[in-house]
Amino acid sequence: MPLLPLLGRARSLVALAALFLAWPGLAAELRLGIDGNYTYNSNYFSDNQNEDAANSFQIGPSIEIADQEGRFRYDVQFDGAYQAYLDQDGVDAWESRLRARASYDLSERTRVRVTNRFRDISNLRFNRRDIEVADTALDPNQDRYLRNEFELELSHDLTELLELRLSGEYQWIDFEQNLDRNDSTAWQGAGELRYQVSNTHFVGVGASYTRQDFEEALSRLGSTGDFVSGFATWAWNVTDAITFTANGGPSWVRSDEDSISSVSQTRFVGGFQGGEALRAQLGSCGLAAPRFSSDCRLAPVANPAGADGFGEFVSFAVDPTTPRVGTDQLLTFFGGATLTANLPDWNLSLSYQRRQSSTSGDGLASSLDRVFGEVEYAPSTSRWSVFAAGSWDRRETLTDSTRIDFVLVDDADLTIDAERDTTALAITTIRSSDVRRENYTFIVGTRFRIENRFAAVLDGRYRRTTLGGPGIDQPDIDTFFAVLTLEYDFAPIQF
C-alpha cells in the first residue's frame, strides 16, 4: 500500500483529537510520544503445515489529550504505527488505534458519557492491549480488519441510593480481505436500576436488546441476529483498592437468514496459504463423483493462482429443493465476573465474561466466552517493572446455519485445478451450531525506564488458535513472538 494513502488514513483518525486542540480552553494537557519496536514472528501466516517466520520493524506516534477537571471531562488517545517487514512482500501497512471518551455533568444528579473506540489493525500479531479487548486472533486467515464501537451512556440519581442507567451502542467490523467472512453491524440498547445497599455494596437489575446484521459474503448467507437479555448486577468495593463485580442472566437469541435465489463465487476453488493465493487440485476434493467444493483441501503441490487469482466471479442459481435453516433460536446465558486490585506496587485483574460476539465474522449469532488475567509489579521506587497477561477466548456460533456448496467439473485427470461447474445449481446443506474458534494467548515481559521520558520494553508472546466444530476440527496453530520496544515521551504541554 503506498505511503501517502496511509498517511491520509492516519490524519483522518487524529481529526477527533485535533478538534479538542482547536476548541479554546478545552485541552488541559497534551502528551506526545514516539514508539518503535522490532518483532520476530515464528509463524507469520498462522499456517500449521508451512510455518514462515518474519522479522519486522514498527514506528509511529502516540498522542493523548486529557482534561479531568470540571463538569466536562475527556480523554483522547491515539496510537499509530507503520510496519515494515524484512522478509515478507506486499504486507507493509499502517495500523491505528483510537480511543476517545468524554463525560459531562448535566446537573448534580445527571451525567452523560460518550465513548468511541476505533481499530484498524493487522491480525498477524497481537499486543497487551489486544489481550484486554479480546482482539487476539479473530481469524488466522484474515490478516486485516477495521472495527469501531460507539457508546452513549446516561446516568441519573433517582434518589440518594437509587440510580438509573441507560445506554446505547453501535458497532461495526469490516474484514478487508472479505473472501469468506461476513462484515457486520450491531445496535444495542440497555437499561439498569442500581441500588446502593451499603457504602461498599451495590445491586442492580436490567435488560438489553441487540440487533446484529451480517452482510452476505462469498458462499455465505447474510442474516440478522436478535438478542433479548435480562441481568442482575452486584458490585462490591472490598477496599478502596480492590473491587469485585458480577452480572448475568438469561438471553433469548433468534437468527434469521436472508432469503436468496442466487449467490456469487469464484470459478476456481482456492484459499490462502503462506500469504499466497492457491488453487485446490481436483484430487484433493474426494474420490467419488460428483465432487463438491466443500470437500476440497489445498494440496501441497497446488498450482499458484497467478494473475487470475481464483478466476472470475460467477453467479450461481441456488437449488430451491435443498434444505435451509431459515430461522433458528435458543435460550442461553450471558454474564461475567471481574476482580481488580490496584495496590501500591501491584496491579492485578482477573475476569470471566460470556457475551454476544460482535466480531465473529461467521454470519450468525455467536457468543464470546473469555477468561482474562493480568498482573504487573511496578514499585514506584524502581526503574524496573515486570508484567504478565494471558487469556482464553472462544467464539462459537449459537444457531444452525445454511452452507452453500458447488458441484465441481469432473475429469479423469485429477491433477487439474478444481473448477466449479457453471452449468450446475449451487446446493445448500445445514451445518449444526457449535462451530468454534478458540485462542490461547500469553505475554510476559519487563519494562525499564532508561530516563524520565525514555523506556525500553522486552517481552515474549505466545498464541495458539484452534478451529473446531462438527466435522471441521483442524490442527492447532502455534505462534511465538519476541518483541523489543522503545518508547519516548515528550514533555507534557499545558493549556
# chains A, B, ... in the order shown; residues from 1 in each chain; ligands from 1
>>> select_by_dssp(residues="range 157-208 of chain A", states="strand (DSSP E)", output="number ranges by chain")
A: 157, 162-175, 184-196, 201-208
>>> residues_around(residues="range 373-379 of chain A", least_positions_apart="5", cutoff="6 Å", atoms="only C-alpha atoms", output="VMD selection string")
chain A and resid 345 to 350 385 to 390
>>> residues_around(residues="Phe118 in chain A", least_positions_apart="2", cutoff="9 Å", atoms="only C-alpha atoms", output="ChimeraX atom specification")
/A:13,96-100,116,120,146-150
>>> write_last_selection(atoms="N, CA and C atoms", output="PDB file, in the first residue's frame")
ATOM      1  N   LEU A  13      -7.774   9.751  11.322  1.00  0.00           N
ATOM      2  CA  LEU A  13      -8.009   9.164  12.628  1.00  0.00           C
ATOM      3  C   LEU A  13      -7.708  10.118  13.766  1.00  0.00           C
ATOM      4  N   SER A  96      -3.729   1.594  13.268  1.00  0.00           N
ATOM      5  CA  SER A  96      -4.255   2.710  14.060  1.00  0.00           C
ATOM      6  C   SER A  96      -5.140   2.191  15.174  1.00  0.00           C
ATOM      7  N   ARG A  97      -5.011   2.816  16.326  1.00  0.00           N
ATOM      8  CA  ARG A  97      -5.882   2.560  17.472  1.00  0.00           C
ATOM      9  C   ARG A  97      -6.277   3.906  18.060  1.00  0.00           C
ATOM     10  N   LEU A  98      -7.566   4.165  18.156  1.00  0.00           N
ATOM     11  CA  LEU A  98      -8.069   5.439  18.678  1.00  0.00           C
ATOM     12  C   LEU A  98      -9.101   5.152  19.759  1.00  0.00           C
ATOM     13  N   ARG A  99      -8.945   5.824  20.906  1.00  0.00           N
ATOM     14  CA  ARG A  99      -9.929   5.720  21.990  1.00  0.00           C
ATOM     15  C   ARG A  99     -10.239   7.126  22.471  1.00  0.00           C
ATOM     16  N   ALA A 100     -11.506   7.491  22.445  1.00  0.00           N
ATOM     17  CA  ALA A 100     -11.944   8.821  22.862  1.00  0.00           C
ATOM     18  C   ALA A 100     -13.109   8.680  23.826  1.00  0.00           C
ATOM     19  N   ASN A 116     -15.825   6.252  22.179  1.00  0.00           N
ATOM     20  CA  ASN A 116     -15.633   5.686  20.838  1.00  0.00           C
ATOM     21  C   ASN A 116     -14.267   5.011  20.772  1.00  0.00           C
ATOM     22  N   ASP A 120      -7.861  -0.134  13.408  1.00  0.00           N
ATOM     23  CA  ASP A 120      -7.514  -0.567  12.058  1.00  0.00           C
ATOM     24  C   ASP A 120      -6.214  -1.339  12.211  1.00  0.00           C
ATOM     25  N   LEU A 146     -11.083  -3.710  10.210  1.00  0.00           N
ATOM     26  CA  LEU A 146     -11.398  -2.438  10.842  1.00  0.00           C
ATOM     27  C   LEU A 146     -12.573  -2.665  11.782  1.00  0.00           C
ATOM     28  N   ARG A 147     -12.512  -2.065  12.964  1.00  0.00           N
ATOM     29  CA  ARG A 147     -13.543  -2.271  13.974  1.00  0.00           C
ATOM     30  C   ARG A 147     -13.807  -0.952  14.682  1.00  0.00           C
ATOM     31  N   ASN A 148     -15.075  -0.615  14.871  1.00  0.00           N
ATOM     32  CA  ASN A 148     -15.433   0.610  15.574  1.00  0.00           C
ATOM     33  C   ASN A 148     -16.579   0.340  16.551  1.00  0.00           C
ATOM     34  N   GLU A 149     -16.486   0.949  17.732  1.00  0.00           N
ATOM     35  CA  GLU A 149     -17.525   0.840  18.754  1.00  0.00           C
ATOM     36  C   GLU A 149     -17.838   2.242  19.271  1.00  0.00           C
ATOM     37  N   PHE A 150     -19.106   2.602  19.256  1.00  0.00           N
ATOM     38  CA  PHE A 150     -19.550   3.895  19.779  1.00  0.00           C
ATOM     39  C   PHE A 150     -20.599   3.640  20.850  1.00  0.00           C
TER      40      PHE A 150
END
>>> residues_around(residues="range 448-457 of chain A", least_positions_apart="6", cutoff="9 Å", atoms="only C-alpha atoms", output="compact mmCIF listing (two decimals) with C-alpha atoms, in the first residue's frame")
# COMPACT_ATOMS: atom_id res chain seq x y z
CA ASN A 37 9.73 -1.85 18.02
CA SER A 382 12.36 1.29 40.92
CA ARG A 383 13.08 1.85 37.23
CA TRP A 384 12.10 -1.76 36.56
CA SER A 385 8.65 -3.32 36.27
CA VAL A 386 7.54 -6.79 35.17
CA VAL A 483 9.41 -8.01 20.76
CA LEU A 484 11.74 -5.18 21.74
CA THR A 485 10.03 -1.78 22.07
CA LEU A 486 11.48 1.69 22.64
CA GLU A 487 9.18 4.44 23.99
CA TYR A 488 9.94 8.16 24.14
CA ASP A 489 7.54 10.73 25.63
CA PHE A 490 7.97 14.47 25.15
CA ALA A 491 7.34 16.90 27.97
>>> residues_around(residues="Asp434 in chain A", least_positions_apart="4", cutoff="10 Å", atoms="only C-alpha atoms", output="list in words")
Ser366, Ser367, Arg395, Glu396, Thr397, Leu398, Thr399, Asp400, Gly468, Gly469 and Pro470 of chain A
>>> residues_around(residues="Leu30 in chain A", least_positions_apart="4", cutoff="9 Å", atoms="only C-alpha atoms", output="PyMOL selection string")
chain A and resi 21+63-66+491-495
>>> select_by_dssp(residues="range 116-362 of chain A", states="helix (DSSP H, G or I)", output="ChimeraX atom specification")
/A:128-133,282-284,293-295,306-308
>>> write_last_selection(atoms="N, CA and C atoms", output="PDB file, in the first residue's frame")
ATOM      1  N   ARG A 128      -0.401  -6.397  24.283  1.00  0.00           N
ATOM      2  CA  ARG A 128      -1.032  -6.467  25.605  1.00  0.00           C
ATOM      3  C   ARG A 128      -2.437  -5.863  25.582  1.00  0.00           C
ATOM      4  N   ARG A 129      -2.622  -4.790  24.842  1.00  0.00           N
ATOM      5  CA  ARG A 129      -3.943  -4.166  24.761  1.00  0.00           C
ATOM      6  C   ARG A 129      -4.925  -5.046  24.012  1.00  0.00           C
ATOM      7  N   ASP A 130      -4.468  -5.767  22.989  1.00  0.00           N
ATOM      8  CA  ASP A 130      -5.351  -6.676  22.259  1.00  0.00           C
ATOM      9  C   ASP A 130      -5.869  -7.790  23.161  1.00  0.00           C
ATOM     10  N   ILE A 131      -5.027  -8.266  24.087  1.00  0.00           N
ATOM     11  CA  ILE A 131      -5.478  -9.282  25.034  1.00  0.00           C
ATOM     12  C   ILE A 131      -6.614  -8.729  25.886  1.00  0.00           C
ATOM     13  N   GLU A 132      -6.501  -7.468  26.306  1.00  0.00           N
ATOM     14  CA  GLU A 132      -7.508  -6.863  27.178  1.00  0.00           C
ATOM     15  C   GLU A 132      -8.875  -6.786  26.504  1.00  0.00           C
ATOM     16  N   VAL A 133      -8.911  -6.531  25.183  1.00  0.00           N
ATOM     17  CA  VAL A 133     -10.191  -6.338  24.488  1.00  0.00           C
ATOM     18  C   VAL A 133     -10.579  -7.524  23.609  1.00  0.00           C
ATOM     19  N   LEU A 282      -8.147 -31.021  -8.119  1.00  0.00           N
ATOM     20  CA  LEU A 282      -9.356 -31.840  -8.085  1.00  0.00           C
ATOM     21  C   LEU A 282      -9.148 -33.096  -7.254  1.00  0.00           C
ATOM     22  N   GLY A 283      -7.920 -33.632  -7.236  1.00  0.00           N
ATOM     23  CA  GLY A 283      -7.637 -34.844  -6.466  1.00  0.00           C
ATOM     24  C   GLY A 283      -7.759 -34.646  -4.975  1.00  0.00           C
ATOM     25  N   SER A 284      -7.788 -33.406  -4.507  1.00  0.00           N
ATOM     26  CA  SER A 284      -7.924 -33.131  -3.073  1.00  0.00           C
ATOM     27  C   SER A 284      -9.377 -32.918  -2.679  1.00  0.00           C
ATOM     28  N   SER A 293     -17.137 -28.609  -3.755  1.00  0.00           N
ATOM     29  CA  SER A 293     -16.067 -27.684  -3.381  1.00  0.00           C
ATOM     30  C   SER A 293     -15.786 -27.704  -1.875  1.00  0.00           C
ATOM     31  N   SER A 294     -16.794 -28.000  -1.042  1.00  0.00           N
ATOM     32  CA  SER A 294     -16.580 -28.004   0.404  1.00  0.00           C
ATOM     33  C   SER A 294     -15.634 -29.109   0.848  1.00  0.00           C
ATOM     34  N   ASP A 295     -15.438 -30.128   0.006  1.00  0.00           N
ATOM     35  CA  ASP A 295     -14.540 -31.235   0.355  1.00  0.00           C
ATOM     36  C   ASP A 295     -13.101 -30.977  -0.053  1.00  0.00           C
ATOM     37  N   GLY A 306      -1.688 -17.253  -9.636  1.00  0.00           N
ATOM     38  CA  GLY A 306      -1.164 -16.340 -10.642  1.00  0.00           C
ATOM     39  C   GLY A 306      -1.973 -15.073 -10.760  1.00  0.00           C
ATOM     40  N   ALA A 307      -1.867 -14.428 -11.917  1.00  0.00           N
ATOM     41  CA  ALA A 307      -2.502 -13.122 -12.115  1.00  0.00           C
ATOM     42  C   ALA A 307      -4.015 -13.210 -12.100  1.00  0.00           C
ATOM     43  N   ASP A 308      -4.567 -14.380 -12.423  1.00  0.00           N
ATOM     44  CA  ASP A 308      -6.018 -14.513 -12.485  1.00  0.00           C
ATOM     45  C   ASP A 308      -6.658 -14.778 -11.128  1.00  0.00           C
TER      46      ASP A 308
END
